[in-house]
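Chemist: One structure, pasted below without further comment.
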Amino acid sequence: MHMQRLTLDKFTSFCKTRGFVYPSSEIYGGLGGIYDYGHYGYLLKENIKNAWIKSMIQDRDDVTLLDSAIFMHPKTWIASGHVDSFDDPMVDCKHCKLRYRADHLLEEFGIKIDDKASIDEINAELDALRHAGNLKCPNCDSKELTSARRFSLMVKSNLGSTVDKLNDEDVVYLRPETCGGIYLEYKNVVETLHPKFPFGIAQVGKAFRNEIVARQFIYRTREFEQMEMQYFHHPDDTKQKYEEWKQFRWNWYLEYGIPENKLQWYKHEKLAHYATDAYDIKYKFDSLDGFAEVEGIHARGNWDLSQHSKYSGIKLDFFDPERNEKFIPHIMETSAGLNRLLMMFLDNAYHEQEILTTDNEGSGKKDTRILLRLDPRLSPVKIAILPLMKKQVLIRKAKEIFNNLKKLYICEYDESGSIGKRYRRQDEIGTPYCITVDYQTLEDNTTTVRDRDSMNQERIHVNELKVYFAEKIL
Ligand code: ATP
């Protein structure tokens with residue numbers, strides 16, 4: 001298989017032209033770091049989300065779901081430490097006015113800075129480069145770069161009706177991560193669902209961060225979706241549960257077709273004072289030319305519940321009858337970005353393949369087909385139904401099959417253009433199967449089922465199609 005490197009520009013353009021991802025507000029010139037999802041992007045995102053929910057809920061018996069609000073009481077983010085310290089170090093180029101994340105800028109000079117590094121440590125590294133005459137703007141080469149300053153990632157908002165009850169200084173924020181809602185609803189979940197200990201609460205939802213730079217397409221955006229699970233456990237079990245969750249999440253990536261050699265663990269060396277372990281899963285993006293984080297798995301101790309208990313004055317402990325012990329549960333977190341995973345699955349699925357086609361005169365010519373080798377469970381469209389030619393008898397039969405199968409799967413019916421072009425279109429959006437209705441179908445009620453990846457074709461009886469696909473598309 002012939003494979004071209006997928007540059008970020010080419011990837012972005014592919015996602016737009018095939019109806020996956022559009023830059024937001026394009027008719028007004030766009031809005032940095034914000035994207036919209038088209039028909040196929042929406043369906044793919046839903047399928048990834050459902051695959052995650054299935055693994056958390058259907059494949060296990062110790063996790064429940066939650067959908068908490070984006071707005072939360074302002075004290076939430078004071079208790080969690082976000083108001084004081086959820087920020088990134090920022091450097092400005094005085095010449096071209098581009099803004100950089102200082103840790104990313106240093107990385108360009110081969111200097112790795114940990115998430116928890118202080119602003120002084122970062123400025124010391126920048127100064128060392130500056131004194132050696134090496135610090136310059138990656139865009140315009142100017143040496144006029146500012147020192148690093150902290151830039152808050154919290155997105156402020158205002159809520160008319162609540163401000164009456166809040167103090168003037170209480171600012172309402174759009175949540176920067178979804179897990180805050182899980183900590184606040186922990187008590188209600190315990191009191192209403194009576195989960196057996198240990199247990200997890202999972203949720204998928206929007207989060208907002210005022211990212212300094214959002215130049216990597218949907219990898220880093222200012223509005224995004226997270227899929228987070230918080231596992232409440234006894235501190236004695238942390239080590240064992242941590243290993244189990246790491247393995248569980250790693251296997252999920254393999255199950256949905258990410259090759260193991262494109263995945264990597266990254267261990268955080270500097271930990272938050274309350275944390276006992278923190279690893280990220282990194283995926284090797286072709287479109288970003290290297291490994292980048294897609295999910296964090298963090299052992300957070302009992303910091304979150306202790307803080308919310310302290311600030312709210314409400315006890316958030318748990319009585320475990322099996323241990324006959326009351327304690328504040330410790331928390332294990334798995335936190336993945338839905339949009340980042342969508343980018344990962346598309347990046348991994350994208351292939352360019354040289355194939356031989358036959359032109360109108362019957363002679364062979366080389367061509368390139370683009371195909372998305374998505375796991376069929378993730379594919380936006382599962383089956384395309386195509387009459388071989390635009391003839392009424394074939395159209396009627398194809399529509400009959402389409403109307404039957406669409407009750408079970410997202411299907412597309414397409415009669416426009418040559419059959420080759422229609423196959424190609426489906427390959428490009430990752431449709432795993434195409435059914436072609438030809439003249440033989442009218443004689444013996446069999447159709448051709450074409451497989452996206454191998455391009456092999458099998459004749460399957462119309463009455464057998466449902467069983468055939470039930471085995472292929474789980
Ligand atoms: P990064 O270091 O890339 O900024 P982070 O370590 O701040 O990410 P977390 O706060 O651990 O990220 O968030 C968990 C997950 O949420 C990340 O692994 C990522 O998949 C996703 N995520 C975080 N920020 C963004 C963003 N701005 N855009 C898209 N996804 C994001």
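We name chains A, B, ... following the order of the structure tokens; residues begin at 1 in each chain, and ligands are numbered from 1 as shown.
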Let me see if you get this right: every residue at most 6 Å from ligand 1, counting only C-alpha atoms and all ligand atoms, written as a PyMOL selection string.
Modeler: chain A and resi 209+219-222+224+226+293-296+335-337+340
Chemist: Next, dump the selected residues to file, keeping only N, CA, C and O atoms, as a short mmCIF file (atom, residue, chain, number, x, y, z; two decimals), in the first residue's frame.
Modeler:
```cif
data_model
loop_
_atom_site.label_atom_id
_atom_site.label_comp_id
_atom_site.auth_asym_id
_atom_site.auth_seq_id
_atom_site.Cartn_x
_atom_site.Cartn_y
_atom_site.Cartn_z
N ARG A 209 -11.88 26.07 27.42
CA ARG A 209 -10.61 26.59 27.93
C ARG A 209 -10.12 27.68 27.00
O ARG A 209 -10.14 27.51 25.77
N TYR A 219 -7.13 19.36 17.53
CA TYR A 219 -6.35 18.77 18.63
C TYR A 219 -6.51 19.64 19.88
O TYR A 219 -6.67 19.14 20.98
N ARG A 220 -6.41 20.94 19.71
CA ARG A 220 -6.53 21.83 20.86
C ARG A 220 -7.50 22.96 20.50
O ARG A 220 -7.19 23.82 19.69
N THR A 221 -8.68 22.94 21.08
CA THR A 221 -9.67 23.95 20.75
C THR A 221 -10.15 24.62 22.03
O THR A 221 -9.86 24.17 23.12
N ARG A 222 -10.91 25.69 21.87
CA ARG A 222 -11.35 26.44 23.06
C ARG A 222 -12.69 25.90 23.59
O ARG A 222 -13.05 26.15 24.71
N PHE A 224 -14.60 22.13 23.59
CA PHE A 224 -14.37 20.74 23.22
C PHE A 224 -15.20 19.84 24.12
O PHE A 224 -15.89 20.32 25.03
N GLN A 226 -15.24 16.34 26.59
CA GLN A 226 -14.42 15.37 27.32
C GLN A 226 -15.25 14.15 27.68
O GLN A 226 -16.47 14.23 27.85
N GLU A 293 -0.59 13.79 23.39
CA GLU A 293 -1.53 13.26 24.39
C GLU A 293 -2.97 13.16 23.87
O GLU A 293 -3.46 14.08 23.24
N VAL A 294 -3.60 12.02 24.19
CA VAL A 294 -5.04 11.91 23.90
C VAL A 294 -5.86 11.68 25.17
O VAL A 294 -7.06 11.96 25.21
N GLU A 295 -5.21 11.13 26.21
CA GLU A 295 -5.96 10.82 27.43
C GLU A 295 -5.03 10.85 28.64
O GLU A 295 -3.87 10.48 28.54
N GLY A 296 -5.57 11.30 29.76
CA GLY A 296 -4.81 11.28 31.00
C GLY A 296 -5.43 10.29 31.98
O GLY A 296 -6.66 10.18 32.06
N SER A 335 -9.43 10.54 31.68
CA SER A 335 -9.96 11.74 31.03
C SER A 335 -9.48 11.83 29.59
O SER A 335 -8.30 12.04 29.32
N ALA A 336 -10.43 11.64 28.66
CA ALA A 336 -10.07 11.66 27.24
C ALA A 336 -10.83 12.76 26.54
O ALA A 336 -11.97 13.09 26.91
N GLY A 337 -10.23 13.35 25.53
CA GLY A 337 -10.90 14.38 24.74
C GLY A 337 -11.60 13.73 23.56
O GLY A 337 -10.96 13.05 22.75
N ARG A 340 -10.32 15.10 20.26
CA ARG A 340 -8.97 14.59 20.00
C ARG A 340 -9.01 13.14 19.55
O ARG A 340 -8.23 12.72 18.70
#
```
Chemist: How would you write, as a ChimeraX atom specification, the set of residues in region 235-394 of chain A that DSSP gives as strand (DSSP E)?
Modeler: /A:263-267,277-285,290-299,318-320,325-327,330-337,350-358,364-372,383-387
Chemist: Considering only C-alpha atoms, return as number ranges by chain whatever protein or nucleic-acid residues lie within 10 Å of region 99-115 of chain A, sequence-local ones (same chain, fewer than 3 positions apart) excluded.
Modeler: A: 88-94, 96, 118-119, 121-123, 125-126, 129, 134-138, 145-151, 211-214, 268-272
Chemist: Using only C-alpha atoms, what does the table of region 8-42 of chain A residues within 12 Å of region 369-393 of chain A look like, with each row giving the shortest atom pair and its distance in Å to one decimal, sorted by chain and ascending number, as a Markdown table?
Modeler:
```
| residue | atom | partner | partner_atom | distance |
| --- | --- | --- | --- | --- |
| A:Phe11 | CA | A:Ile370 | CA | 11.9 |
| A:Phe14 | CA | A:Ile370 | CA | 10.1 |
| A:Cys15 | CA | A:Leu372 | CA | 11.4 |
| A:Arg18 | CA | A:Leu372 | CA | 11.3 |
| A:Gly19 | CA | A:Pro380 | CA | 11.0 |
| A:Phe20 | CA | A:Pro380 | CA | 9.7 |
| A:Gly38 | CA | A:Pro380 | CA | 11.1 |
| A:His39 | CA | A:Pro380 | CA | 8.5 |
| A:Tyr40 | CA | A:Pro380 | CA | 5.6 |
| A:Gly41 | CA | A:Pro380 | CA | 7.6 |
| A:Tyr42 | CA | A:Pro380 | CA | 8.1 |
```
Chemist: Going by DSSP on the backbone, which bits of region 302-464 of chain A are alpha helix (DSSP H)? Write them as a PyMOL selection string, please.
Modeler: chain A and resi 303-312+338-349+392-405+419-428+439-444
Chemist: Atoms to include: C-alpha atoms. Write the selected residues as an mmCIF file, in the first residue's frame.
Modeler:
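Resulting contents of result-v3.cif:
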```
data_model
loop_
_atom_site.group_PDB
_atom_site.id
_atom_site.type_symbol
_atom_site.label_atom_id
_atom_site.label_comp_id
_atom_site.auth_asym_id
_atom_site.auth_seq_id
_atom_site.Cartn_x
_atom_site.Cartn_y
_atom_site.Cartn_z
ATOM 1 C CA TRP A 303 -8.092 16.022 47.198
ATOM 2 C CA ASP A 304 -11.231 16.753 45.177
ATOM 3 C CA LEU A 305 -13.811 15.517 47.677
ATOM 4 C CA SER A 306 -11.856 16.986 50.608
ATOM 5 C CA GLN A 307 -11.729 20.402 48.965
ATOM 6 C CA HIS A 308 -15.418 20.439 48.040
ATOM 7 C CA SER A 309 -16.284 19.250 51.517
ATOM 8 C CA LYS A 310 -14.185 22.040 53.043
ATOM 9 C CA TYR A 311 -15.650 24.799 50.848
ATOM 10 C CA SER A 312 -19.273 23.618 50.992
ATOM 11 C CA LEU A 338 -13.676 13.283 22.392
ATOM 12 C CA ASN A 339 -12.593 15.658 19.613
ATOM 13 C CA ARG A 340 -8.968 14.592 19.998
ATOM 14 C CA LEU A 341 -10.025 10.973 19.728
ATOM 15 C CA LEU A 342 -12.031 11.785 16.609
ATOM 16 C CA MET A 343 -8.884 13.344 15.152
ATOM 17 C CA MET A 344 -6.890 10.274 16.223
ATOM 18 C CA PHE A 345 -9.305 7.795 14.652
ATOM 19 C CA LEU A 346 -9.430 9.754 11.384
ATOM 20 C CA ASP A 347 -5.640 10.191 11.337
ATOM 21 C CA ASN A 348 -5.180 6.454 11.881
ATOM 22 C CA ALA A 349 -7.846 5.470 9.351
ATOM 23 C CA GLN A 392 -35.865 2.242 -13.036
ATOM 24 C CA VAL A 393 -35.875 -1.536 -12.479
ATOM 25 C CA LEU A 394 -32.545 -1.373 -10.644
ATOM 26 C CA ILE A 395 -33.481 1.782 -8.735
ATOM 27 C CA ARG A 396 -36.715 0.222 -7.493
ATOM 28 C CA LYS A 397 -34.956 -2.892 -6.200
ATOM 29 C CA ALA A 398 -32.092 -0.883 -4.633
ATOM 30 C CA LYS A 399 -34.555 1.389 -2.818
ATOM 31 C CA GLU A 400 -36.428 -1.620 -1.493
ATOM 32 C CA ILE A 401 -33.173 -2.978 0.026
ATOM 33 C CA PHE A 402 -32.274 0.480 1.326
ATOM 34 C CA ASN A 403 -35.652 0.893 3.029
ATOM 35 C CA ASN A 404 -35.212 -2.462 4.771
ATOM 36 C CA LEU A 405 -31.641 -1.995 5.956
ATOM 37 C CA ILE A 419 -20.229 3.054 -9.912
ATOM 38 C CA GLY A 420 -16.467 3.562 -9.472
ATOM 39 C CA LYS A 421 -16.967 7.150 -8.321
ATOM 40 C CA ARG A 422 -19.696 6.112 -5.910
ATOM 41 C CA TYR A 423 -17.484 3.405 -4.375
ATOM 42 C CA ARG A 424 -14.732 5.998 -4.007
ATOM 43 C CA ARG A 425 -17.048 8.420 -2.231
ATOM 44 C CA GLN A 426 -18.015 5.786 0.290
ATOM 45 C CA ASP A 427 -14.371 4.721 0.764
ATOM 46 C CA GLU A 428 -13.530 8.330 1.632
ATOM 47 C CA TYR A 439 -29.351 -7.175 -13.556
ATOM 48 C CA GLN A 440 -28.478 -10.498 -11.939
ATOM 49 C CA THR A 441 -30.228 -9.236 -8.786
ATOM 50 C CA LEU A 442 -33.471 -9.093 -10.754
ATOM 51 C CA GLU A 443 -32.987 -12.712 -11.852
ATOM 52 C CA ASP A 444 -31.798 -14.495 -8.702
#
```
Chemist: I'd like the neighbourhood of region 468-470 of chain A as a VMD selection string, where a residue qualifies if any of its atoms comes within 12 Å (using only C-alpha atoms), though same-chain residues fewer than 6 positions away should be ignored.
Modeler: chain A and resid 376 to 377 382 to 383 405 408 to 409 432 to 435 449 451 458 to 462
Chemist: Counting only C-alpha atoms, what are the residues of region 319-344 of chain A within 12 Å of region 180-192 of chain A, and for each of them which pair of atoms is the nearest and at what distance in Å, to one decimal? Sort the table by chain and rising number, as CSV.
Modeler:
```
residue,atom,partner,partner_atom,distance
A:Phe319,CA,A:Val190,CA,10.3
A:Asp320,CA,A:Val190,CA,11.4
A:Ile328,CA,A:Tyr186,CA,11.3
A:Pro329,CA,A:Tyr186,CA,10.4
A:His330,CA,A:Tyr183,CA,11.4
A:Ile331,CA,A:Tyr183,CA,9.8
A:Glu333,CA,A:Ile182,CA,10.9
```
